[in-house]
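Undergrad: Structure file run10.txt, compact mmCIF, C-alpha atoms, is pasted below:
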# COMPACT_ATOMS: atom_id res chain seq x y z
CA MET A 1323 -40.66 38.35 18.22
CA ALA A 1324 -39.84 37.37 14.64
CA PHE A 1325 -39.11 41.01 13.79
CA PHE A 1326 -36.79 41.28 16.80
CA LEU A 1327 -34.83 38.14 15.82
CA THR A 1328 -34.53 39.29 12.21
CA SER A 1329 -33.24 42.67 13.33
CA PHE A 1330 -30.82 41.03 15.76
CA PHE A 1331 -29.44 38.65 13.11
CA ASP A 1332 -29.05 41.49 10.61
CA LYS A 1333 -27.12 43.62 13.14
CA ILE A 1334 -24.77 40.77 14.05
CA SER A 1335 -24.24 39.93 10.37
CA ALA A 1336 -23.44 43.58 9.63
CA TRP A 1337 -20.86 43.60 12.45
CA LEU A 1338 -19.24 40.38 11.24
CA ILE A 1339 -18.71 41.73 7.72
CA ALA A 1340 -17.81 45.27 8.75
CA ASN A 1341 -14.16 44.31 9.07
CA LYS A 1342 -12.67 42.77 5.92
CA LEU A 1343 -10.16 40.56 7.73
CA ARG A 1344 -12.80 39.29 10.16
CA GLU A 1345 -15.16 38.61 7.27
CA ASN A 1346 -12.59 36.65 5.24
CA VAL A 1347 -11.45 34.55 8.22
CA LEU A 1348 -15.05 33.76 9.15
CA PHE A 1349 -15.99 32.78 5.60
CA LEU A 1350 -12.88 30.60 5.23
CA ILE A 1351 -13.60 28.73 8.48
CA LEU A 1352 -17.25 28.22 7.58
CA SER A 1353 -16.34 27.07 4.05
CA PHE A 1354 -13.92 24.53 5.47
CA LEU A 1355 -16.46 23.18 7.99
CA ILE A 1356 -19.14 22.85 5.34
CA SER A 1357 -16.83 21.45 2.65
CA THR A 1358 -15.44 18.65 4.82
CA PRO A 1359 -18.64 16.57 5.33
CA VAL A 1360 -19.72 17.24 1.72
CA PHE A 1361 -16.33 16.09 0.47
CA ILE A 1362 -16.47 12.96 2.67
CA TYR A 1363 -19.92 12.07 1.33
CA PHE A 1364 -18.78 12.68 -2.25
CA ARG A 1365 -15.69 10.51 -1.78
CA LYS A 1366 -17.60 7.70 -0.08
CA ASN A 1367 -20.64 7.52 -2.37
CA ILE A 1368 -19.74 9.12 -5.70
CA TYR A 1369 -16.03 8.92 -6.48
CA TYR A 1370 -13.27 7.21 -4.50
CA PHE A 1371 -9.77 8.62 -4.87
CA ASP A 1372 -7.07 6.01 -5.30
CA ALA A 1373 -3.83 7.54 -6.52
CA GLU A 1374 -0.25 7.32 -5.25
CA ILE A 1375 -0.15 11.12 -5.10
CA PRO A 1376 -3.70 12.30 -4.34
CA TYR A 1377 -3.85 15.26 -6.71
CA ASP A 1378 -7.49 14.53 -7.52
CA LYS A 1379 -8.40 14.44 -3.82
CA ILE A 1380 -6.72 17.78 -3.13
CA ILE A 1381 -8.15 19.47 -6.22
CA VAL A 1382 -11.74 18.32 -5.54
CA PHE A 1383 -11.57 19.45 -1.91
CA ILE A 1384 -10.25 22.87 -2.94
CA LEU A 1385 -13.07 23.17 -5.50
CA PHE A 1386 -15.64 22.43 -2.80
CA LEU A 1387 -13.95 24.98 -0.54
CA LEU A 1388 -14.05 27.69 -3.22
CA LEU A 1389 -17.67 26.87 -4.12
CA PHE A 1390 -18.92 27.31 -0.57
CA LEU A 1391 -16.71 30.37 -0.10
CA LEU A 1392 -18.45 31.99 -3.09
CA ILE A 1393 -21.89 30.99 -1.80
CA LEU A 1394 -21.17 32.48 1.62
CA LYS A 1395 -19.87 35.70 0.10
CA TRP A 1396 -23.04 35.87 -1.98
CA LEU A 1397 -25.04 35.53 1.24
CA ARG A 1398 -22.65 37.80 3.14
CA LYS A 1399 -25.38 40.06 4.53
CA LYS A 1400 -27.18 37.02 5.94
CA VAL A 1401 -24.03 35.23 7.14
CA LEU A 1402 -25.37 34.74 10.67
CA TYR A 1403 -28.28 32.73 9.26
CA SER A 1404 -25.73 30.41 7.62
CA ILE A 1405 -23.89 29.95 10.94
CA PHE A 1406 -27.16 29.31 12.76
CA ILE A 1407 -28.36 26.71 10.22
CA TYR A 1408 -24.98 24.97 10.28
CA ILE A 1409 -24.97 24.70 14.08
CA ILE A 1410 -28.57 23.46 14.20
CA THR A 1411 -27.81 20.81 11.55
CA PHE A 1412 -24.87 19.40 13.51
CA VAL A 1413 -26.73 19.48 16.82
CA ILE A 1414 -29.59 17.44 15.32
CA ALA A 1415 -27.14 15.03 13.63
CA SER A 1416 -25.24 14.56 16.89
CA ILE A 1417 -28.41 13.92 18.92
CA GLN A 1418 -29.62 11.36 16.39
CA GLY A 1419 -26.16 9.76 16.26
CA ASN A 1420 -25.75 10.30 12.54
CA TYR A 1421 -22.80 12.58 11.89
CA SER A 1422 -21.43 14.84 14.58
CA LEU A 1423 -18.80 17.53 14.18
CA PHE A 1424 -16.34 15.23 15.94
CA GLN A 1425 -16.98 12.50 13.37
CA VAL A 1426 -16.41 14.99 10.54
CA ILE A 1427 -13.03 15.98 11.99
CA ASN A 1428 -12.05 12.35 12.56
CA ALA A 1429 -13.08 11.35 9.03
CA TYR A 1430 -11.08 14.28 7.68
CA LYS A 1431 -8.02 13.08 9.62
CA ILE A 1432 -8.43 9.56 8.25
CA ILE A 1433 -8.66 10.80 4.67
CA PHE A 1434 -5.68 13.16 4.73
CA LEU A 1435 -3.32 11.68 7.32
CA SER A 1436 -3.51 8.23 5.75
CA ASP A 1437 -1.64 9.60 2.73
CA GLU A 1438 1.40 10.17 4.94
CA MET A 1439 1.60 6.51 5.98
CA GLN A 1440 3.63 3.83 4.33
CA LYS A 1441 2.09 0.67 2.99
CA GLU A 1442 3.52 -2.25 1.11
CA GLU A 1443 1.63 -4.81 -0.90
CA THR A 1444 3.41 -8.00 -1.82
CA PHE A 1445 2.92 -8.92 -5.46
CA LEU A 1446 3.64 -12.55 -6.26
CA GLU A 1447 3.53 -14.31 -9.57
CA GLN A 1448 0.20 -16.00 -10.17
CA LYS A 1449 0.53 -19.67 -9.54
CA THR A 1450 -1.51 -22.66 -8.51
CA LEU A 1451 -1.31 -23.02 -4.76
CA LYS A 1452 -0.41 -26.27 -3.10
CA PRO A 1453 -2.83 -28.10 -0.77
CA PHE A 1454 -2.79 -26.67 2.75
CA PRO A 1455 -0.84 -29.05 5.04
CA ASN A 1456 -2.96 -30.83 7.69
CA LYS A 1457 -5.97 -28.84 6.53
CA SER A 1458 -8.61 -30.78 8.47
CA SER A 1459 -6.66 -30.68 11.76
CA VAL A 1460 -5.92 -26.99 11.45
CA PHE A 1461 -9.49 -26.09 10.49
CA LYS A 1462 -10.86 -28.08 13.42
CA SER A 1463 -8.43 -26.35 15.81
CA VAL A 1464 -9.90 -22.93 14.98
CA ASP A 1465 -12.68 -23.42 17.55
CA PHE A 1466 -14.20 -19.96 17.32
CA ALA A 1467 -17.58 -21.23 18.62
CA ASN A 1468 -15.98 -22.32 21.90
CA SER A 1469 -17.32 -20.23 24.80
CA LYS A 1470 -13.81 -19.80 26.29
CA VAL A 1471 -12.54 -18.33 23.03
CA ARG A 1472 -15.53 -16.01 22.75
CA ASN A 1473 -15.18 -14.88 26.38
CA PHE A 1474 -11.49 -14.20 25.88
CA ALA A 1475 -12.26 -12.02 22.86
CA LEU A 1476 -14.86 -10.12 24.88
CA TYR A 1477 -12.32 -9.59 27.65
CA ALA A 1478 -9.81 -8.20 25.13
CA ILE A 1479 -12.24 -5.74 23.54
CA ASN A 1480 -13.35 -4.51 26.96
CA THR A 1481 -9.73 -4.04 28.07
CA HIS A 1482 -8.11 -2.25 25.13
CA PHE A 1483 -8.94 0.86 23.10
CA THR A 1484 -12.39 1.43 24.66
CA LYS A 1485 -11.81 5.19 24.78
CA THR A 1486 -10.60 5.52 21.20
CA PRO A 1487 -12.10 8.60 19.50
CA ASN A 1488 -15.00 7.76 17.21
CA TYR A 1489 -15.19 4.24 18.65
CA ALA A 1490 -18.73 3.56 17.41
CA VAL A 1491 -17.92 4.34 13.78
CA ASN A 1492 -14.82 2.08 13.61
CA ARG A 1493 -15.98 -0.37 16.27
CA LYS A 1494 -15.31 -3.63 14.42
CA LEU A 1495 -11.74 -2.84 13.39
CA ILE A 1496 -10.90 -1.48 16.83
CA GLN A 1497 -12.23 -4.65 18.46
CA TYR A 1498 -10.26 -6.90 16.10
CA PHE A 1499 -7.10 -4.94 16.90
CA ALA A 1500 -7.86 -5.19 20.62
CA VAL A 1501 -7.82 -8.99 20.31
CA PHE A 1502 -4.54 -8.75 18.38
CA LYS A 1503 -2.99 -6.62 21.12
CA GLU A 1504 -4.04 -8.95 23.93
CA ILE A 1505 -2.66 -12.07 22.20
CA ASN A 1506 0.46 -10.36 20.89
CA SER A 1507 1.40 -8.92 24.28
CA ARG A 1508 1.08 -12.28 26.04
CA TRP A 1509 2.37 -14.80 23.50
CA ASN A 1510 5.41 -16.91 24.39
CA TYR A 1511 7.03 -18.94 21.61
CA VAL A 1512 7.46 -22.65 22.45
CA ASN A 1513 8.49 -25.35 19.99
CA ASP A 1514 6.43 -28.44 19.15
CA PRO A 1515 7.62 -31.87 20.32
CA LYS A 1516 10.69 -32.91 18.33
CA GLY A 1517 9.77 -34.60 15.06
CA GLN A 1518 6.03 -33.93 15.45
CA GLU A 1519 3.56 -31.29 14.28
CA TYR A 1520 1.21 -30.37 17.09
CA PHE A 1521 -1.79 -28.09 16.53
CA ALA A 1522 -3.25 -26.63 19.71
CA SER A 1523 -6.85 -25.47 19.49
CA GLY A 1524 -7.62 -21.87 20.23
CA SER A 1525 -9.24 -22.74 23.56
CA GLU A 1526 -6.21 -24.84 24.56
CA SER A 1527 -3.76 -22.01 23.84
CA LEU A 1528 -5.73 -19.75 26.18
CA LEU A 1529 -4.35 -21.71 29.15
CA PHE A 1530 -0.77 -20.45 28.83
CA PHE A 1531 -0.62 -18.29 25.66
CA SER A 1532 2.32 -20.37 24.48
CA GLY A 1533 3.16 -22.39 21.39
CA ASP A 1534 4.71 -22.06 17.95
CA CYS A 1535 3.64 -19.99 14.95
CA ASP A 1536 0.72 -22.21 13.93
CA ASP A 1537 -0.67 -22.24 17.49
CA HIS A 1538 -0.51 -18.44 17.55
CA ALA A 1539 -2.17 -18.19 14.13
CA ILE A 1540 -4.94 -20.59 15.13
CA LEU A 1541 -5.72 -18.69 18.34
CA MET A 1542 -5.72 -15.34 16.52
CA CYS A 1543 -8.13 -16.68 13.89
CA ALA A 1544 -10.42 -18.34 16.43
CA ALA A 1545 -10.66 -15.27 18.67
CA ILE A 1546 -11.28 -12.77 15.87
CA LYS A 1547 -13.75 -15.08 14.11
CA SER A 1548 -15.66 -15.38 17.40
CA ILE A 1549 -16.51 -11.66 17.16
CA GLY A 1550 -17.34 -11.62 13.46
CA GLY A 1551 -14.00 -11.16 11.69
CA SER A 1552 -13.11 -12.97 8.46
CA MET A 1553 -9.77 -14.76 8.71
CA ARG A 1554 -7.45 -16.93 6.67
CA LEU A 1555 -4.17 -18.77 7.29
CA ILE A 1556 -1.04 -18.44 5.14
CA HIS A 1557 1.46 -21.30 4.94
CA THR A 1558 5.00 -20.69 3.67
CA GLY A 1559 6.61 -24.05 4.28
CA ARG A 1560 8.35 -23.21 7.55
CA HIS A 1561 5.89 -20.67 8.89
CA MET A 1562 2.17 -20.06 9.30
CA TYR A 1563 0.52 -16.73 10.00
CA PRO A 1564 -3.00 -15.23 10.12
CA GLU A 1565 -4.51 -12.51 7.94
CA ILE A 1566 -7.73 -10.58 8.46
CA LEU A 1567 -9.98 -9.47 5.61
CA LEU A 1568 -10.22 -5.69 5.28
CA GLY A 1569 -11.79 -5.72 1.83
CA THR A 1570 -11.35 -2.46 -0.06
CA GLU A 1571 -8.84 0.37 -0.20
CA LYS A 1572 -11.20 2.41 1.98
CA GLU A 1573 -11.04 -0.14 4.79
CA LEU A 1574 -7.26 -0.32 4.42
CA GLU A 1575 -7.05 3.45 4.71
CA ILE A 1576 -9.09 3.46 7.92
CA ALA A 1577 -7.08 0.54 9.34
CA MET A 1578 -3.80 2.31 8.57
CA TYR A 1579 -4.99 5.46 10.28
CA LEU A 1580 -6.11 3.57 13.39
CA ILE A 1581 -2.84 1.61 13.59
CA SER A 1582 -0.50 4.55 12.99
CA ASN A 1583 -2.36 7.41 14.69
CA GLU A 1584 -4.60 5.97 17.39
CA LEU A 1585 -4.08 2.40 18.60
CA PHE A 1586 -0.40 1.52 18.01
CA LYS A 1587 0.95 5.02 17.53
CA ASP A 1588 4.33 4.66 19.27
CA ILE A 1589 5.08 1.10 18.13
CA SER A 1590 4.22 1.63 14.45
CA LYS A 1591 5.72 5.11 14.06
CA GLY A 1592 7.51 5.32 10.73
CA ARG A 1593 6.83 1.64 10.02
CA THR A 1594 5.36 0.08 6.90
CA ILE A 1595 1.94 -1.61 6.86
CA TYR A 1596 2.06 -4.94 5.00
CA PHE A 1597 -0.85 -6.66 3.30
CA HIS A 1598 -1.78 -9.05 0.50
CA ARG A 1599 -4.41 -8.70 -2.21
CA ASP A 1600 -6.27 -11.81 -3.36
CA GLU A 1601 -7.39 -12.71 -6.88
CA LYS A 1602 -10.67 -10.81 -6.37
CA GLY A 1603 -8.86 -7.64 -5.34
CA LYS A 1604 -9.76 -7.94 -1.66
CA ILE A 1605 -7.17 -6.80 0.86
CA TRP A 1606 -5.91 -9.02 3.71
CA LEU A 1607 -3.87 -7.51 6.55
CA ASN A 1608 -1.00 -9.43 8.16
CA LEU A 1609 -1.57 -10.24 11.87
CA ASP A 1610 1.62 -12.21 12.51
CA TYR A 1611 3.41 -12.08 15.86
CA THR A 1612 6.60 -10.81 14.19
CA ALA A 1613 5.60 -7.21 15.00
CA HIS A 1614 3.72 -5.65 17.89
CA TYR A 1615 1.30 -3.88 15.58
CA PRO A 1616 -1.13 -5.17 12.91
CA GLY A 1617 0.35 -5.10 9.42
CA GLY A 1618 3.88 -5.99 10.49
CA PRO A 1619 6.49 -7.24 7.98
CA PHE A 1620 6.28 -10.66 6.34
CA LEU A 1621 9.05 -13.15 7.04
CA GLY A 1622 9.93 -13.04 3.35
CA GLU A 1623 9.23 -16.66 2.52
CA GLU A 1624 7.23 -17.76 -0.53
CA VAL A 1625 3.51 -18.30 0.02
CA LEU A 1626 2.71 -21.94 -0.72
CA SER A 1627 -0.90 -22.38 0.38
CA ILE A 1628 -3.87 -20.57 1.90
CA LEU A 1629 -6.64 -21.83 4.15
CA ASP A 1630 -9.73 -19.62 3.87
CA LEU A 1631 -11.60 -20.11 7.12
CA GLN A 1632 -14.83 -18.81 5.58
CA GLN A 1633 -14.99 -21.83 3.24
CA PRO A 1634 -15.27 -24.99 5.37
CA ASN A 1635 -16.33 -27.32 2.54
CA THR A 1636 -13.98 -26.28 -0.24
CA THR A 1637 -10.31 -26.69 -0.98
CA ILE A 1638 -8.13 -23.88 -2.21
CA GLN A 1639 -5.74 -26.02 -4.18
CA SER A 1640 -6.43 -24.23 -7.46
CA ALA A 1641 -6.85 -20.72 -6.14
CA PHE A 1642 -4.59 -17.92 -7.28
CA PHE A 1643 -2.67 -15.69 -4.92
CA GLN A 1644 -1.58 -12.26 -6.01
Reformat the file's structure so that it appears as structure tokens.

TA:
Amino acid sequence: MAFFLTSFFDKISAWLIANKLRENVLFLILSFLISTPVFIYFRKNIYYFDAEIPYDKIIVFILFLLLFLLILKWLRKKVLYSIFIYIITFVIASIQGNYSLFQVINAYKIIFLSDEMQKEETFLEQKTLKPFPNKSSVFKSVDFANSKVRNFALYAINTHFTKTPNYAVNRKLIQYFAVFKEINSRWNYVNDPKGQEYFASGSESLLFFSGDCDDHAILMCAAIKSIGGSMRLIHTGRHMYPEILLGTEKELEIAMYLISNELFKDISKGRTIYFHRDEKGKIWLNLDYTAHYPGGPFLGEEVLSILDLQQPNTTIQSAFFQ
């Protein structure tokens, strides 16, 4: 049996390399398929590319492609064994839920298509922030532990984007954006009582999805925090808006791809993604109601104070915003 399989593989391999064009096309396709997951692993665990024009990313990928092309040509008489091993590897990875061919393609799209997207980071002069107005009332209004808020968030994530490709890999971000979509699509701006500042709790705003900017920001923070997101509130003097913590450039890249190519494709087409970077270098994405996609434009007012909702017992009066 072993002799028969060896003979069969050798005959098929001989046929595949008998025609020069067929051989070159086959080797190029195989080199690309093998290079992509290796390149993704290299980029994620060894060296992250972070340049305005990704020359290093392109050069390293081409080097991987050429390396595996040379290896395959060296093994040209046993090329069918290479195809067989490659297929078996991906079948096992897919069954175990580790890294399927679909995930490789999706990761490749994230890496390369994200370079075509626009992004804008607001750089502000370092300054001491002012105390957040009505800090205690606002913090108390973000009632993320309320069962109504949690149930609303669950409704949103089970309503939107459930069939997004590669959902399991990017689950958290997709769920946060599902909450954004549900609130953003239903919100109706209503002023506070004249001469008063009224802060509706997140659970209260769920009754009619109406209120002013701070009510919207509070509900957005409460709902996303109820499913594990890290949120903060930005105060500009006449406006308040929520931001979600993405963290690193990698997370920003994935978020930009999801916004522009999967979840808000038509709305965000050709639009800029706006975000802030804090004093520790962490990236915060704008979730204001001023746009129908995450990362919409800022209103252009100066940032006066920040309320970090992960720090209940500390003030941010002396923090720096950058």

Undergrad: Which is closest to Tyr1596 (chain A) among A:Glu1442, A:Ile1566, A:Gly1559, A:Trp1396, if we use all atoms listed in the file?

TA: A:Glu1442

Undergrad: Could you check the closest approach to His1561 (chain A) for each of A:Ala1500, A:Leu1541, A:Ala1475, A:Cys1535 and tell me which residue wins, using only C-alpha atoms?

TA: A:Cys1535

Undergrad: Write out as number ranges by chain each polymer residue whose atoms come within 9 Å of Ser1507 (chain A), counting all atoms listed in the file; drop sequence neighbours fewer than 4 positions from it.

TA: A: 1502-1503, 1614

Undergrad: Please produce a file of those selected residues containing C-alpha atoms, as a short mmCIF file (atom, residue, chain, number, x, y, z; two decimals), in the frame of the given file.

TA:
data_model
loop_
_atom_site.label_atom_id
_atom_site.label_comp_id
_atom_site.auth_asym_id
_atom_site.auth_seq_id
_atom_site.Cartn_x
_atom_site.Cartn_y
_atom_site.Cartn_z
CA PHE A 1502 -4.54 -8.75 18.38
CA LYS A 1503 -2.99 -6.62 21.12
CA HIS A 1614 3.72 -5.65 17.89
#

Undergrad: Extract, using all atoms listed in the file, all DNA, RNA and protein residues at most 8 Å from Ser1463 (chain A), discarding same-chain residues fewer than 6 positions from it, and format them as an NGL selection string.

TA: :A and (1521-1524 or 1540)

Undergrad: Would you write out those residues with C-alpha atoms, as a PDB file, in the coordinates of the input?

TA:
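Saved the output as selection36.pdb:
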ATOM      1  CA  PHE A1521      -1.790 -28.090  16.530  1.00  0.00           C
ATOM      2  CA  ALA A1522      -3.250 -26.630  19.710  1.00  0.00           C
ATOM      3  CA  SER A1523      -6.850 -25.470  19.490  1.00  0.00           C
ATOM      4  CA  GLY A1524      -7.620 -21.870  20.230  1.00  0.00           C
ATOM      5  CA  ILE A1540      -4.940 -20.590  15.130  1.00  0.00           C
TER       6      ILE A1540
END

Undergrad: What does the structure give for the distance between CA of Asn1488 (chain A) and CA of Tyr1579 (chain A), in Å to one decimal?

TA: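 Separation of CA of Asn1488 (chain A) and CA of Tyr1579 (chain A): 12.4 Å.
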
Undergrad: Which of these residues is nearest to Met1553 (chain A), using all atoms listed in the file: A:Trp1606, A:Phe1499, A:Phe1361, A:Tyr1489?

TA: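 Going through A:Trp1606, A:Phe1499, A:Phe1361, A:Tyr1489 one by one, the smallest distance to Met1553 (chain A) is for A:Trp1606.
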
Undergrad: Report, in Å to a single decimal, how far apart CA of Tyr1498 (chain A) and CA of Glu1573 (chain A) are.

TA: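 One can read the CA of Glu1573 (chain A) to CA of Tyr1498 (chain A) distance as 13.2 Å.
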